[in-house]
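Peer 1: Structure: query08.cif, mmCIF, C-alpha atoms.
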data_run
#
loop_
_atom_site.label_atom_id
_atom_site.label_comp_id
_atom_site.auth_asym_id
_atom_site.auth_seq_id
_atom_site.Cartn_x
_atom_site.Cartn_y
_atom_site.Cartn_z
CA THR A 1 -14.57 -18.00 2.78
CA TRP A 2 -11.55 -17.97 5.07
CA VAL A 3 -8.65 -15.57 5.16
CA THR A 4 -5.64 -16.99 3.34
CA GLU A 5 -2.12 -16.98 4.69
CA ASP A 6 -1.13 -14.42 2.04
CA GLU A 7 -3.98 -12.14 3.16
CA TYR A 8 -2.89 -12.58 6.78
CA LEU A 9 0.71 -11.62 5.87
CA GLN A 10 -0.56 -8.55 4.00
CA MET A 11 -2.66 -7.59 7.01
CA ILE A 12 0.24 -7.78 9.49
CA ALA A 13 2.56 -6.02 7.03
CA GLY A 14 0.09 -3.12 7.11
CA LYS A 15 0.00 -3.08 10.92
CA THR A 16 3.03 -4.05 12.99
CA GLY A 17 5.25 -4.37 9.94
CA ALA A 18 4.41 -0.88 8.71
CA LEU A 19 4.96 0.62 12.16
CA LEU A 20 8.35 -0.99 12.77
CA GLY A 21 9.43 -0.75 9.13
CA GLY A 22 8.61 2.96 9.13
CA ALA A 23 10.40 3.53 12.43
CA ALA A 24 13.55 1.79 11.22
CA HIS A 25 13.37 3.65 7.89
CA LEU A 26 12.98 7.02 9.60
CA GLY A 27 15.80 6.26 12.02
CA ALA A 28 18.09 5.49 9.11
CA LEU A 29 17.06 8.73 7.38
CA VAL A 30 17.77 10.77 10.51
CA ALA A 31 21.15 9.07 10.83
CA GLU A 32 21.85 10.05 7.20
CA ALA A 33 22.43 6.47 6.10
CA GLY A 34 22.86 5.72 2.41
CA PRO A 35 20.01 4.47 0.20
CA MET A 36 21.06 0.80 0.46
CA GLU A 37 21.26 0.98 4.24
CA ILE A 38 17.93 2.82 4.49
CA ALA A 39 16.26 0.06 2.45
CA ALA A 40 17.93 -2.60 4.62
CA TYR A 41 16.73 -0.93 7.82
CA ARG A 42 13.20 -0.81 6.41
CA ARG A 43 13.36 -4.55 5.61
CA PHE A 44 14.71 -5.14 9.11
CA GLY A 45 11.73 -3.33 10.65
CA LEU A 46 9.21 -5.10 8.41
CA SER A 47 10.71 -8.48 9.30
CA VAL A 48 10.87 -7.72 13.02
CA GLY A 49 7.24 -6.59 12.85
CA ARG A 50 6.23 -9.83 11.12
CA ALA A 51 8.07 -11.89 13.75
CA PHE A 52 6.55 -9.87 16.58
CA GLN A 53 2.99 -10.32 15.29
CA ILE A 54 3.39 -14.04 14.65
CA ARG A 55 4.84 -14.51 18.15
CA ASP A 56 1.90 -12.52 19.50
CA ASP A 57 -0.48 -14.88 17.71
CA ILE A 58 1.27 -17.93 19.19
CA LEU A 59 1.15 -16.43 22.68
CA GLY A 60 -2.50 -15.48 22.17
CA ILE A 61 -3.36 -19.17 21.91
CA TRP A 62 -0.65 -21.03 23.84
CA GLY A 63 0.80 -18.35 26.10
CA ASP A 64 0.73 -18.60 29.88
CA GLU A 65 -2.15 -16.42 31.03
CA ALA A 66 -0.30 -15.60 34.27
CA VAL A 67 2.56 -14.16 32.20
CA THR A 68 0.70 -12.63 29.24
CA GLY A 69 -2.11 -11.18 31.33
CA LYS A 70 -4.55 -12.33 28.66
CA SER A 71 -6.75 -15.38 28.49
CA ALA A 72 -5.61 -17.82 25.83
CA GLN A 73 -9.29 -18.48 25.19
CA SER A 74 -10.03 -14.91 24.14
CA ASP A 75 -8.32 -15.14 20.73
CA ILE A 76 -10.17 -18.37 19.98
CA LEU A 77 -13.55 -17.20 21.29
CA SER A 78 -13.30 -13.93 19.35
CA ARG A 79 -12.27 -15.89 16.23
CA LYS A 80 -9.19 -13.75 15.80
CA LYS A 81 -7.60 -14.31 12.41
CA SER A 82 -4.27 -15.34 13.89
CA LEU A 83 -1.70 -17.26 11.86
CA PRO A 84 -2.24 -20.64 13.57
CA VAL A 85 -6.00 -20.44 13.00
CA VAL A 86 -5.61 -19.25 9.39
CA HIS A 87 -3.17 -22.09 8.75
CA ALA A 88 -5.47 -24.75 10.18
CA LEU A 89 -8.64 -23.43 8.54
CA THR A 90 -7.04 -23.60 5.10
CA GLN A 91 -5.82 -27.19 5.43
CA GLU A 92 -7.53 -29.82 3.31
CA ASN A 93 -7.29 -32.56 5.92
CA GLU A 94 -9.31 -33.82 8.89
CA ALA A 95 -8.07 -31.03 11.15
CA GLY A 96 -8.95 -28.31 8.65
CA ARG A 97 -12.40 -29.73 7.98
CA ALA A 98 -13.15 -30.15 11.69
CA LEU A 99 -11.99 -26.63 12.52
CA ARG A 100 -14.04 -25.16 9.66
CA ARG A 101 -17.12 -26.93 11.05
CA LEU A 102 -16.46 -25.45 14.49
CA TYR A 103 -15.86 -21.96 13.10
CA ALA A 104 -19.02 -22.16 10.99
CA ARG A 105 -21.11 -22.22 14.17
CA PRO A 106 -22.83 -18.99 15.21
CA GLY A 107 -20.52 -18.76 18.22
CA LEU A 108 -17.80 -20.58 20.07
CA THR A 109 -17.95 -21.23 23.79
CA ALA A 110 -15.31 -21.98 26.40
CA ASP A 111 -16.33 -25.64 26.05
CA ASP A 112 -15.18 -25.55 22.40
CA VAL A 113 -11.66 -24.29 23.19
CA PRO A 114 -10.06 -27.68 23.97
CA GLU A 115 -11.37 -29.07 20.67
CA VAL A 116 -10.08 -26.03 18.76
CA LEU A 117 -6.67 -26.48 20.42
CA HIS A 118 -6.69 -30.16 19.50
CA TRP A 119 -7.33 -29.40 15.82
CA LEU A 120 -4.74 -26.61 15.75
CA GLU A 121 -2.15 -29.03 17.08
CA SER A 122 -3.31 -31.79 14.70
CA ALA A 123 -2.92 -29.41 11.76
CA GLY A 124 0.64 -28.58 12.85
CA SER A 125 -0.38 -24.94 13.09
CA ARG A 126 1.78 -24.08 16.10
CA ALA A 127 4.88 -25.57 14.50
CA HIS A 128 4.04 -23.81 11.24
CA ALA A 129 3.68 -20.44 12.98
CA GLU A 130 6.92 -20.96 14.90
CA ALA A 131 8.75 -21.80 11.66
CA MET A 132 7.36 -18.68 9.98
CA MET A 133 8.43 -16.59 12.96
CA GLY A 134 11.91 -18.11 12.67
CA ASP A 135 12.01 -17.23 8.97
CA ALA A 136 11.02 -13.64 9.78
CA LEU A 137 13.81 -13.40 12.37
CA THR A 138 16.30 -14.81 9.86
CA ASP A 139 15.17 -12.16 7.36
CA ALA A 140 15.54 -9.47 10.04
CA ARG A 141 19.08 -10.58 10.90
CA ALA A 142 20.06 -10.62 7.22
CA ALA A 143 18.64 -7.13 6.66
CA LEU A 144 20.42 -5.87 9.77
CA ALA A 145 23.72 -7.25 8.50
CA GLU A 146 23.13 -5.39 5.21
CA ALA A 147 22.32 -2.18 7.10
CA ARG A 148 25.68 -2.34 8.91
CA PRO A 149 24.65 -0.41 12.02
CA ARG A 150 27.33 1.15 14.18
CA GLU A 151 27.80 0.36 17.85
CA PRO A 152 26.06 0.58 20.26
CA ALA A 153 23.02 0.45 17.95
CA ALA A 154 24.21 -2.80 16.32
CA THR A 155 24.23 -4.66 19.63
CA ALA A 156 20.89 -3.19 20.73
CA LEU A 157 19.18 -4.17 17.45
CA ARG A 158 20.63 -7.70 17.55
CA GLU A 159 19.45 -8.08 21.16
CA LEU A 160 15.99 -6.83 20.20
CA THR A 161 15.79 -9.43 17.43
CA ASP A 162 16.97 -12.21 19.75
CA MET A 163 14.50 -11.13 22.45
CA LEU A 164 11.60 -11.50 20.01
CA ALA A 165 12.42 -15.16 19.50
CA GLU A 166 12.12 -15.85 23.21
CA ARG A 167 9.45 -13.43 24.43
CA VAL A 168 6.74 -14.93 26.59
CA TYR A 169 4.50 -11.85 27.04
#
Could you rewrite the structure in this file as structure tokens?
Peer 2:
Amino acid sequence: TWVTEDEYLQMIAGKTGALLGGAAHLGALVAEAGPMEIAAYRRFGLSVGRAFQIRDDILGIWGDEAVTGKSAQSDILSRKKSLPVVHALTQENEAGRALRRLYARPGLTADDVPEVLHWLESAGSRAHAEAMMGDALTDARAALAEARPREPAATALRELTDMLAERVY
């Protein structure tokens, strides 16, 4: 069986989401924010963490190796359960079936990578991941607006959120 998108989202919520959600929550506590603001900061951190991890998954497959310092093949060859792969594997179409056949093999080789990339693109997995990252950034911006941070923190947190949308490493 393959990991579902819901299982993937739970997994990243327990990793990057928990780390950034906890950091934002603790920062709000230290700043003696009210309960509503503390909850909003936590949602902000969880959403930023989700966006960060999804962007990392996109870069892990389609990022420029010279910029990321990591081979785009490594995530595919190690069968990392990244969002684009999870999305494609769970599709009931030609791309999903073809990718499942490839991933059912005992191992993938560098020669398999172009075919994997083809099926990921055919499944619309990159666009899907980018849309989900966009949704996470929208959620982060909404939570930040609810948190009502003071300057200069407000500007820094907005810039952090915007930077995530464009990061290339």
Peer 1: Could you give me, as a PyMOL selection string, the residues within 8 Å of Leu99 of chain A, counting only C-alpha atoms and dropping anything in the same chain fewer than 4 positions from it?
Peer 2: chain A and resi 88-89+95+103+116+119-120
Peer 1: Mind giving me the straight-line distance from atom CA of Ala66 of chain A to atom CA of Gly17 of chain A in Å, one decimal?
Peer 2: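 Pair atom CA of Ala66 of chain A / atom CA of Gly17 of chain A returns 27.4 Å.
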Peer 1: Please determine, counting only C-alpha atoms, which residue among A:Leu46, A:Ala23, A:Val86, A:Met36 has the shortest atom-to-atom distance to Tyr8 of chain A.
Peer 2: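 That would be A:Val86, the residue with the smallest distance to Tyr8 of chain A.
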Peer 1: Applied to the shown file, which residues does the PyMOL selection byres ((chain A and resi 166) around 12) return, written as a list in words?
Peer 2: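 Those residues are Ala51, Phe52, Arg55, Asp56, Ile58, Leu59, Gly63, Glu130, Met133, Gly134, Leu137, Glu159, Leu160, Thr161, Asp162, Met163, Leu164, Ala165, Arg167, Val168 and Tyr169 of chain A.
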Peer 1: Could you tell me how far atom CA of Lys81 of chain A sits from atom CA of Glu7 of chain A, in Å to one decimal place?
Peer 2: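 A separation of 10.2 Å between them.
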Peer 1: Find, counting all atoms listed in the file, the residue in A:Glu92, A:Asp75, A:Glu146, A:Glu65 that gets nearest to Leu117 of chain A.
Peer 2: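 Smallest separation from Leu117 of chain A among the options: A:Asp75.
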Peer 1: Kindly resolve the PyMOL selection byres ((chain A and resi 16) around 8) on the present coordinates and return the residues as a VMD selection string.
Peer 2: chain A and resid 12 to 15 17 to 20 46 49 to 50 52 to 53
Peer 1: Can you tell me how far atom CA of Glu37 of chain A sits from atom CA of Ala129 of chain A, in Å to one decimal?
Peer 2: 29.1 Å
Peer 1: For each of A:Gly124, A:Gly45, A:Gly69, A:Gly60, take the minimum atom-to-atom distance to Leu157 of chain A, counting all atoms listed in the file, then give the residue where this is smallest.
Peer 2: A:Gly45
Peer 1: So which one's closest to Arg126 of chain A, A:His25, A:His87, A:Arg43, A:Lys80? Using all atoms listed in the file, please.
Peer 2: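 Nearest to Arg126 of chain A: A:His87.
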Peer 1: Nearest to Gly107 of chain A: which of A:Met132, A:Ile76, A:Asp139, A:Glu94 is it, counting all atoms listed in the file?
Peer 2: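 Ranked by minimum distance to Gly107 of chain A, first place goes to A:Ile76.
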